[in-house]
Every structure is written in structure tokens, then in C-alpha cells.
>>> print(open('query11.cif').read())   # mmCIF, N, CA and C atoms
data_protein
#
loop_
_atom_site.label_atom_id
_atom_site.label_comp_id
_atom_site.auth_asym_id
_atom_site.auth_seq_id
_atom_site.Cartn_x
_atom_site.Cartn_y
_atom_site.Cartn_z
N MET A 268 -23.63 -28.96 -81.89
CA MET A 268 -23.00 -30.24 -82.10
C MET A 268 -24.08 -31.24 -82.53
N SER A 269 -23.85 -31.98 -83.60
CA SER A 269 -24.85 -32.89 -84.13
C SER A 269 -25.03 -34.15 -83.29
N ASP A 270 -24.08 -34.47 -82.43
CA ASP A 270 -24.18 -35.65 -81.58
C ASP A 270 -24.92 -35.38 -80.27
N ASP A 271 -25.43 -34.17 -80.09
CA ASP A 271 -26.16 -33.86 -78.87
C ASP A 271 -27.41 -34.71 -78.79
N PRO A 272 -27.70 -35.25 -77.61
CA PRO A 272 -28.92 -36.06 -77.46
C PRO A 272 -30.16 -35.19 -77.64
N LYS A 273 -31.21 -35.78 -78.13
CA LYS A 273 -32.49 -35.09 -78.32
C LYS A 273 -33.52 -35.74 -77.41
N TRP A 274 -33.49 -35.37 -76.14
CA TRP A 274 -34.43 -35.93 -75.18
C TRP A 274 -35.75 -35.19 -75.25
N PRO A 275 -36.84 -35.88 -74.90
CA PRO A 275 -38.14 -35.19 -74.85
C PRO A 275 -38.10 -34.02 -73.86
N SER A 276 -38.75 -32.95 -74.23
CA SER A 276 -38.72 -31.74 -73.39
C SER A 276 -39.32 -31.98 -72.01
N ASP A 277 -40.28 -32.91 -71.90
CA ASP A 277 -40.86 -33.15 -70.57
C ASP A 277 -39.85 -33.80 -69.64
N TRP A 278 -38.87 -34.52 -70.16
CA TRP A 278 -37.81 -35.06 -69.31
C TRP A 278 -36.98 -33.92 -68.73
N THR A 279 -36.64 -32.97 -69.58
CA THR A 279 -35.85 -31.82 -69.14
C THR A 279 -36.61 -31.01 -68.10
N ARG A 280 -37.87 -30.74 -68.36
CA ARG A 280 -38.69 -29.98 -67.41
C ARG A 280 -38.74 -30.67 -66.05
N ALA A 281 -38.77 -32.00 -66.05
CA ALA A 281 -38.89 -32.75 -64.80
C ALA A 281 -37.66 -32.59 -63.90
N VAL A 282 -36.49 -32.40 -64.50
CA VAL A 282 -35.26 -32.37 -63.69
C VAL A 282 -34.59 -31.00 -63.64
N LEU A 283 -35.13 -30.03 -64.35
CA LEU A 283 -34.44 -28.75 -64.45
C LEU A 283 -34.34 -28.02 -63.11
N ALA A 284 -35.40 -27.99 -62.33
CA ALA A 284 -35.35 -27.27 -61.04
C ALA A 284 -34.30 -27.86 -60.10
N PRO A 285 -34.27 -29.18 -59.88
CA PRO A 285 -33.21 -29.68 -59.00
C PRO A 285 -31.81 -29.51 -59.59
N CYS A 286 -31.68 -29.62 -60.90
CA CYS A 286 -30.36 -29.40 -61.51
C CYS A 286 -29.90 -27.97 -61.31
N ILE A 287 -30.80 -27.02 -61.50
CA ILE A 287 -30.45 -25.61 -61.30
C ILE A 287 -30.07 -25.36 -59.85
N LEU A 288 -30.87 -25.88 -58.92
CA LEU A 288 -30.53 -25.69 -57.51
C LEU A 288 -29.16 -26.26 -57.17
N GLN A 289 -28.85 -27.44 -57.70
CA GLN A 289 -27.55 -28.05 -57.42
C GLN A 289 -26.41 -27.20 -57.98
N LEU A 290 -26.58 -26.67 -59.18
CA LEU A 290 -25.53 -25.83 -59.77
C LEU A 290 -25.36 -24.53 -58.99
N VAL A 291 -26.46 -23.94 -58.55
CA VAL A 291 -26.37 -22.73 -57.73
C VAL A 291 -25.66 -23.07 -56.42
N ARG A 292 -26.03 -24.19 -55.82
CA ARG A 292 -25.41 -24.63 -54.56
C ARG A 292 -23.91 -24.82 -54.74
N ASN A 293 -23.51 -25.45 -55.84
CA ASN A 293 -22.09 -25.70 -56.10
C ASN A 293 -21.28 -24.41 -56.21
N ARG A 294 -21.88 -23.37 -56.76
CA ARG A 294 -21.17 -22.11 -56.98
C ARG A 294 -21.36 -21.11 -55.84
N ASN A 295 -22.24 -21.39 -54.91
CA ASN A 295 -22.65 -20.48 -53.84
C ASN A 295 -23.55 -19.38 -54.36
N GLU A 296 -23.26 -18.86 -55.53
CA GLU A 296 -24.14 -17.90 -56.19
C GLU A 296 -23.78 -17.87 -57.67
N THR A 297 -24.77 -17.56 -58.48
CA THR A 297 -24.54 -17.51 -59.92
C THR A 297 -25.68 -16.74 -60.56
N TYR A 298 -25.59 -16.54 -61.86
CA TYR A 298 -26.64 -15.83 -62.60
C TYR A 298 -27.12 -16.72 -63.75
N GLY A 299 -28.23 -16.35 -64.34
CA GLY A 299 -28.91 -17.19 -65.32
C GLY A 299 -28.07 -17.65 -66.49
N TYR A 300 -27.39 -16.72 -67.15
CA TYR A 300 -26.61 -17.09 -68.33
C TYR A 300 -25.51 -18.08 -67.97
N GLN A 301 -24.91 -17.91 -66.81
CA GLN A 301 -23.87 -18.82 -66.37
C GLN A 301 -24.46 -20.23 -66.15
N LEU A 302 -25.69 -20.31 -65.66
CA LEU A 302 -26.36 -21.59 -65.49
C LEU A 302 -26.60 -22.27 -66.84
N VAL A 303 -27.03 -21.51 -67.83
CA VAL A 303 -27.26 -22.06 -69.16
C VAL A 303 -25.96 -22.67 -69.70
N GLN A 304 -24.86 -21.95 -69.55
CA GLN A 304 -23.56 -22.44 -70.01
C GLN A 304 -23.14 -23.69 -69.26
N GLU A 305 -23.36 -23.71 -67.96
CA GLU A 305 -22.94 -24.86 -67.16
C GLU A 305 -23.80 -26.09 -67.44
N LEU A 306 -25.09 -25.91 -67.64
CA LEU A 306 -25.94 -27.04 -68.02
C LEU A 306 -25.43 -27.66 -69.31
N ASP A 307 -25.09 -26.83 -70.28
CA ASP A 307 -24.56 -27.31 -71.54
C ASP A 307 -23.24 -28.06 -71.33
N ALA A 308 -22.34 -27.47 -70.55
CA ALA A 308 -21.03 -28.08 -70.30
C ALA A 308 -21.16 -29.41 -69.56
N ARG A 309 -22.22 -29.58 -68.79
CA ARG A 309 -22.40 -30.81 -68.01
C ARG A 309 -23.27 -31.84 -68.72
N GLY A 310 -23.49 -31.62 -70.02
CA GLY A 310 -24.17 -32.64 -70.81
C GLY A 310 -25.65 -32.45 -71.03
N LEU A 311 -26.18 -31.27 -70.70
CA LEU A 311 -27.59 -30.96 -70.96
C LEU A 311 -27.65 -29.79 -71.94
N PRO A 312 -27.33 -30.05 -73.21
CA PRO A 312 -27.28 -28.98 -74.20
C PRO A 312 -28.68 -28.53 -74.64
N GLY A 313 -28.73 -27.36 -75.21
CA GLY A 313 -29.96 -26.86 -75.81
C GLY A 313 -30.94 -26.22 -74.85
N ILE A 314 -30.58 -26.09 -73.58
CA ILE A 314 -31.46 -25.42 -72.62
C ILE A 314 -31.12 -23.94 -72.68
N VAL A 315 -32.10 -23.14 -72.98
CA VAL A 315 -31.89 -21.71 -73.21
C VAL A 315 -32.40 -20.87 -72.04
N GLY A 316 -32.02 -19.61 -72.06
CA GLY A 316 -32.45 -18.69 -71.00
C GLY A 316 -33.96 -18.62 -70.86
N GLY A 317 -34.68 -18.70 -71.97
CA GLY A 317 -36.13 -18.66 -71.93
C GLY A 317 -36.74 -19.83 -71.18
N THR A 318 -35.96 -20.87 -70.99
CA THR A 318 -36.39 -22.03 -70.19
C THR A 318 -35.90 -21.89 -68.75
N VAL A 319 -34.68 -21.40 -68.57
CA VAL A 319 -34.06 -21.32 -67.25
C VAL A 319 -34.66 -20.21 -66.39
N TYR A 320 -34.87 -19.04 -66.97
CA TYR A 320 -35.33 -17.90 -66.15
C TYR A 320 -36.69 -18.11 -65.49
N PRO A 321 -37.67 -18.71 -66.16
CA PRO A 321 -38.93 -18.99 -65.43
C PRO A 321 -38.74 -19.95 -64.26
N VAL A 322 -37.83 -20.92 -64.40
CA VAL A 322 -37.56 -21.85 -63.30
C VAL A 322 -36.90 -21.10 -62.15
N LEU A 323 -35.95 -20.23 -62.46
CA LEU A 323 -35.32 -19.41 -61.41
C LEU A 323 -36.37 -18.57 -60.68
N ASN A 324 -37.27 -17.94 -61.43
CA ASN A 324 -38.32 -17.12 -60.82
C ASN A 324 -39.23 -17.96 -59.93
N ARG A 325 -39.59 -19.16 -60.39
CA ARG A 325 -40.45 -20.04 -59.59
C ARG A 325 -39.75 -20.48 -58.32
N LEU A 326 -38.47 -20.87 -58.44
CA LEU A 326 -37.72 -21.29 -57.26
C LEU A 326 -37.58 -20.16 -56.25
N GLU A 327 -37.45 -18.95 -56.75
CA GLU A 327 -37.37 -17.80 -55.84
C GLU A 327 -38.72 -17.55 -55.17
N THR A 328 -39.80 -17.62 -55.92
CA THR A 328 -41.14 -17.43 -55.38
C THR A 328 -41.45 -18.49 -54.32
N GLU A 329 -40.96 -19.70 -54.53
CA GLU A 329 -41.19 -20.79 -53.59
C GLU A 329 -40.25 -20.73 -52.37
N GLY A 330 -39.33 -19.76 -52.36
CA GLY A 330 -38.43 -19.60 -51.24
C GLY A 330 -37.21 -20.50 -51.27
N ARG A 331 -36.95 -21.11 -52.41
CA ARG A 331 -35.80 -22.03 -52.52
C ARG A 331 -34.54 -21.34 -53.00
N LEU A 332 -34.70 -20.17 -53.59
CA LEU A 332 -33.59 -19.32 -54.01
C LEU A 332 -33.86 -17.91 -53.52
N ARG A 333 -32.77 -17.15 -53.36
CA ARG A 333 -32.89 -15.70 -53.14
C ARG A 333 -32.06 -15.04 -54.23
N SER A 334 -32.36 -13.80 -54.51
CA SER A 334 -31.62 -13.12 -55.56
C SER A 334 -31.17 -11.74 -55.09
N GLU A 335 -30.16 -11.26 -55.78
CA GLU A 335 -29.62 -9.92 -55.51
C GLU A 335 -29.19 -9.32 -56.84
N TRP A 336 -29.69 -8.15 -57.14
CA TRP A 336 -29.33 -7.45 -58.37
C TRP A 336 -28.02 -6.70 -58.16
N ARG A 337 -27.09 -6.86 -59.09
CA ARG A 337 -25.80 -6.17 -59.01
C ARG A 337 -25.51 -5.45 -60.30
N GLU A 338 -24.97 -4.26 -60.15
CA GLU A 338 -24.55 -3.49 -61.32
C GLU A 338 -23.44 -4.22 -62.05
N GLY A 339 -23.45 -4.11 -63.37
CA GLY A 339 -22.41 -4.73 -64.17
C GLY A 339 -21.17 -3.86 -64.25
N LYS A 340 -20.05 -4.47 -64.51
CA LYS A 340 -18.80 -3.74 -64.70
C LYS A 340 -18.62 -3.53 -66.19
N GLY A 341 -19.01 -2.38 -66.67
CA GLY A 341 -18.89 -2.07 -68.09
C GLY A 341 -19.99 -2.70 -68.93
N GLY A 342 -21.00 -3.27 -68.31
CA GLY A 342 -22.09 -3.90 -69.04
C GLY A 342 -23.35 -3.86 -68.21
N PRO A 343 -24.36 -4.58 -68.66
CA PRO A 343 -25.62 -4.58 -67.90
C PRO A 343 -25.47 -5.28 -66.56
N GLY A 344 -26.34 -4.94 -65.64
CA GLY A 344 -26.35 -5.59 -64.34
C GLY A 344 -26.81 -7.03 -64.45
N ARG A 345 -26.62 -7.76 -63.38
CA ARG A 345 -27.02 -9.17 -63.35
C ARG A 345 -27.73 -9.47 -62.04
N LYS A 346 -28.64 -10.41 -62.13
CA LYS A 346 -29.34 -10.90 -60.96
C LYS A 346 -28.64 -12.18 -60.53
N PHE A 347 -28.04 -12.15 -59.35
CA PHE A 347 -27.33 -13.30 -58.81
C PHE A 347 -28.24 -14.08 -57.88
N TYR A 348 -28.18 -15.40 -57.98
CA TYR A 348 -29.02 -16.28 -57.18
C TYR A 348 -28.17 -17.09 -56.22
N SER A 349 -28.73 -17.34 -55.03
CA SER A 349 -28.10 -18.24 -54.06
C SER A 349 -29.21 -19.10 -53.46
N ILE A 350 -28.83 -20.27 -52.98
CA ILE A 350 -29.80 -21.21 -52.45
C ILE A 350 -30.13 -20.85 -50.99
N THR A 351 -31.36 -21.06 -50.61
CA THR A 351 -31.81 -20.81 -49.24
C THR A 351 -31.78 -22.12 -48.45
N PRO A 352 -31.92 -22.04 -47.13
CA PRO A 352 -32.03 -23.28 -46.35
C PRO A 352 -33.20 -24.15 -46.81
N GLU A 353 -34.31 -23.53 -47.18
CA GLU A 353 -35.46 -24.28 -47.70
C GLU A 353 -35.09 -24.97 -49.01
N GLY A 354 -34.32 -24.29 -49.83
CA GLY A 354 -33.86 -24.89 -51.07
C GLY A 354 -32.92 -26.06 -50.84
N GLU A 355 -32.06 -25.93 -49.85
CA GLU A 355 -31.15 -27.04 -49.49
C GLU A 355 -31.95 -28.28 -49.09
N THR A 356 -32.96 -28.08 -48.26
CA THR A 356 -33.78 -29.20 -47.80
C THR A 356 -34.52 -29.82 -48.97
N TRP A 357 -35.16 -29.00 -49.79
CA TRP A 357 -35.91 -29.49 -50.95
C TRP A 357 -34.99 -30.23 -51.91
N LEU A 358 -33.80 -29.71 -52.15
CA LEU A 358 -32.85 -30.34 -53.06
C LEU A 358 -32.44 -31.72 -52.54
N ARG A 359 -32.14 -31.81 -51.27
CA ARG A 359 -31.75 -33.09 -50.67
C ARG A 359 -32.88 -34.12 -50.81
N GLU A 360 -34.09 -33.71 -50.48
CA GLU A 360 -35.24 -34.62 -50.57
C GLU A 360 -35.53 -35.01 -52.01
N THR A 361 -35.50 -34.05 -52.90
CA THR A 361 -35.81 -34.30 -54.30
C THR A 361 -34.75 -35.16 -54.96
N SER A 362 -33.49 -34.93 -54.63
CA SER A 362 -32.41 -35.73 -55.22
C SER A 362 -32.54 -37.19 -54.82
N GLY A 363 -32.84 -37.44 -53.55
CA GLY A 363 -33.04 -38.82 -53.10
C GLY A 363 -34.22 -39.48 -53.78
N ALA A 364 -35.31 -38.76 -53.89
CA ALA A 364 -36.51 -39.30 -54.54
C ALA A 364 -36.24 -39.54 -56.03
N TRP A 365 -35.50 -38.65 -56.67
CA TRP A 365 -35.17 -38.81 -58.09
C TRP A 365 -34.32 -40.06 -58.31
N GLN A 366 -33.34 -40.28 -57.44
CA GLN A 366 -32.50 -41.48 -57.56
C GLN A 366 -33.35 -42.74 -57.45
N ASP A 367 -34.27 -42.77 -56.51
CA ASP A 367 -35.16 -43.91 -56.34
C ASP A 367 -36.04 -44.10 -57.58
N PHE A 368 -36.63 -43.01 -58.05
CA PHE A 368 -37.51 -43.05 -59.21
C PHE A 368 -36.78 -43.56 -60.44
N THR A 369 -35.60 -43.01 -60.72
CA THR A 369 -34.87 -43.43 -61.93
C THR A 369 -34.41 -44.88 -61.84
N ALA A 370 -34.08 -45.35 -60.64
CA ALA A 370 -33.72 -46.77 -60.48
C ALA A 370 -34.91 -47.67 -60.81
N ARG A 371 -36.09 -47.26 -60.36
CA ARG A 371 -37.29 -48.05 -60.65
C ARG A 371 -37.64 -48.03 -62.13
N VAL A 372 -37.53 -46.86 -62.75
CA VAL A 372 -37.80 -46.76 -64.19
C VAL A 372 -36.80 -47.61 -64.96
N SER A 373 -35.53 -47.54 -64.58
CA SER A 373 -34.50 -48.35 -65.26
C SER A 373 -34.79 -49.84 -65.12
N ALA A 374 -35.25 -50.24 -63.95
CA ALA A 374 -35.59 -51.64 -63.75
C ALA A 374 -36.72 -52.08 -64.67
N VAL A 375 -37.72 -51.23 -64.83
CA VAL A 375 -38.83 -51.56 -65.72
C VAL A 375 -38.34 -51.60 -67.17
N LEU A 376 -37.59 -50.60 -67.57
CA LEU A 376 -37.16 -50.52 -68.96
C LEU A 376 -36.18 -51.62 -69.35
N THR A 377 -35.46 -52.16 -68.40
CA THR A 377 -34.53 -53.24 -68.70
C THR A 377 -35.13 -54.61 -68.40
N LEU A 378 -36.40 -54.62 -68.01
CA LEU A 378 -37.14 -55.85 -67.73
C LEU A 378 -36.51 -56.67 -66.62
N GLU A 379 -35.82 -56.01 -65.71
CA GLU A 379 -35.23 -56.71 -64.57
C GLU A 379 -36.20 -56.79 -63.39
N GLY A 380 -37.24 -56.02 -63.45
CA GLY A 380 -38.21 -56.02 -62.35
C GLY A 380 -37.78 -55.08 -61.24
N TYR A 381 -38.68 -54.86 -60.32
CA TYR A 381 -38.43 -53.96 -59.20
C TYR A 381 -37.54 -54.64 -58.17
N PRO A 382 -36.74 -53.84 -57.46
CA PRO A 382 -35.94 -54.43 -56.38
C PRO A 382 -36.86 -54.96 -55.28
N ALA A 383 -36.40 -55.99 -54.60
CA ALA A 383 -37.20 -56.59 -53.53
C ALA A 383 -37.36 -55.65 -52.37
#
>>> encode(input="query11.cif", output="C-alpha cells")
Amino acid sequence: MSDDPKWPSDWTRAVLAPCILQLVRNRNETYGYQLVQELDARGLPGIVGGTVYPVLNRLETEGRLRSEWREGKGGPGRKFYSITPEGETWLRETSGAWQDFTARVSAVLTLEGYPA
């Protein structure tokens, strides 16, 4: 779609891990390709598997996700991810910090100044 926003890639990198965790949390479990589709459907187009899978691997290494390999039905198997208690805690903390950060950035960019 030609009307898709073209945000700097460093913006996407900054929010991709918490966005992925939230989507996994919402579904209870999911797999990489489904995450790519959902990110697109939720207004973050152009994020590909080559970007999502390293984040999934990092989140799993950090203990924020767990995975389970399942055989496919008539196709290749899939690695399903679910959020861990550590991931829940990190997501809650990160989401709150992100909201604070974006409010402060918005205040600077709109020249309204920082909240008192």
C-alpha cells in the first residue's frame, strides 16, 4: 500500500520487542509468521520475518518467551511462543516507561514543555 508510513528503522527496533510480547500475550501463544501478519494488520507494515525472528530468539534467550516446536498439519512444523512470568513483568514495566517517554518526546516536539 502506497500510503503506508515510512518510519525510521530505529524507531521500529526500539518498540518491536514490547510489541511482540504484547501480541504473544494477547494470543496466549503464536508463531512468527502470524506475528508479522498481526503487526501489519495493527498498523506496523513492512516488518518482515527476518526482523521478527531475531527478536523472538533474543526474548527467548532472555527468558521472556518460551517456545515449543509442533509438527505441521500437512505442512512444515512451527515454533509456537508464549510469554513467561518474567516477560509479563518486563512488558508491564517497559510499557509504562514507553508511555512516559513518548509523552515527554511529544511535549518537546510540540513545544509545550515538560509536564510539571
>>> closest_residue(input="query11.cif", among="A:Ser349, A:Thr361, A:Thr318, A:Asn293", to="Arg331 (chain A)", atoms="all atoms listed in the file")
A:Ser349
>>> atom_distance(input="query11.cif", atom1="atom N of Lys346 (chain A)", atom2="CA of Gln301 (chain A)")
10.6 Å
>>> atom_distance(input="query11.cif", atom1="atom C of Glu327 (chain A)", atom2="atom C of Gln289 (chain A)")
15.9 Å
>>> closest_residue(input="query11.cif", among="A:Ala370, A:Ile350, A:Leu306, A:Leu332", to="Cys286 (chain A)", atoms="only N, CA and C atoms")
A:Leu306
>>> atom_distance(input="query11.cif", atom1="CA of Glu329 (chain A)", atom2="atom N of Gly310 (chain A)")
26.5 Å
>>> closest_residue(input="query11.cif", among="A:Arg359, A:Gly299, A:Trp278, A:Trp336", to="Leu323 (chain A)", atoms="all atoms listed in the file")
A:Gly299
>>> closest_residue(input="query11.cif", among="A:Val282, A:Leu326, A:Arg333, A:Gly354", to="Leu311 (chain A)", atoms="only C-alpha atoms")
A:Val282
>>> select_by_dssp(input="query11.cif", residues="chain A", states="strand (DSSP E)", output="ChimeraX atom specification")
/A:297-298,332-337,345-350
>>> closest_residue(input="query11.cif", among="A:Ala364, A:Leu283, A:Leu290, A:Leu358", to="Leu302 (chain A)", atoms="only N, CA and C atoms")
A:Leu290
>>> residues_near_point(input="query11.cif", point="(-31.0, -18.8, -72.6)", cutoff="8 Å", atoms="only N, CA and C atoms", output="VMD selection string")
chain A and resid 299 to 300 303 to 304 313 to 320
>>> resolve_selection(input="query11.cif", expression="the PyMOL selection byres ((chain A and resi 345) around 8)", output="PyMOL selection string")
chain A and resi 297-299+335-340+342-344+346-348
>>> select_by_dssp(input="query11.cif", residues="region 310-362 of chain A", states="helix (DSSP H, G or I)", output="MDAnalysis selection string")
chainID A and resid 316:328 352:362
>>> closest_residue(input="query11.cif", among="A:Arg280, A:Glu360, A:Ser373, A:Trp365", to="Pro321 (chain A)", atoms="only C-alpha atoms")
A:Arg280
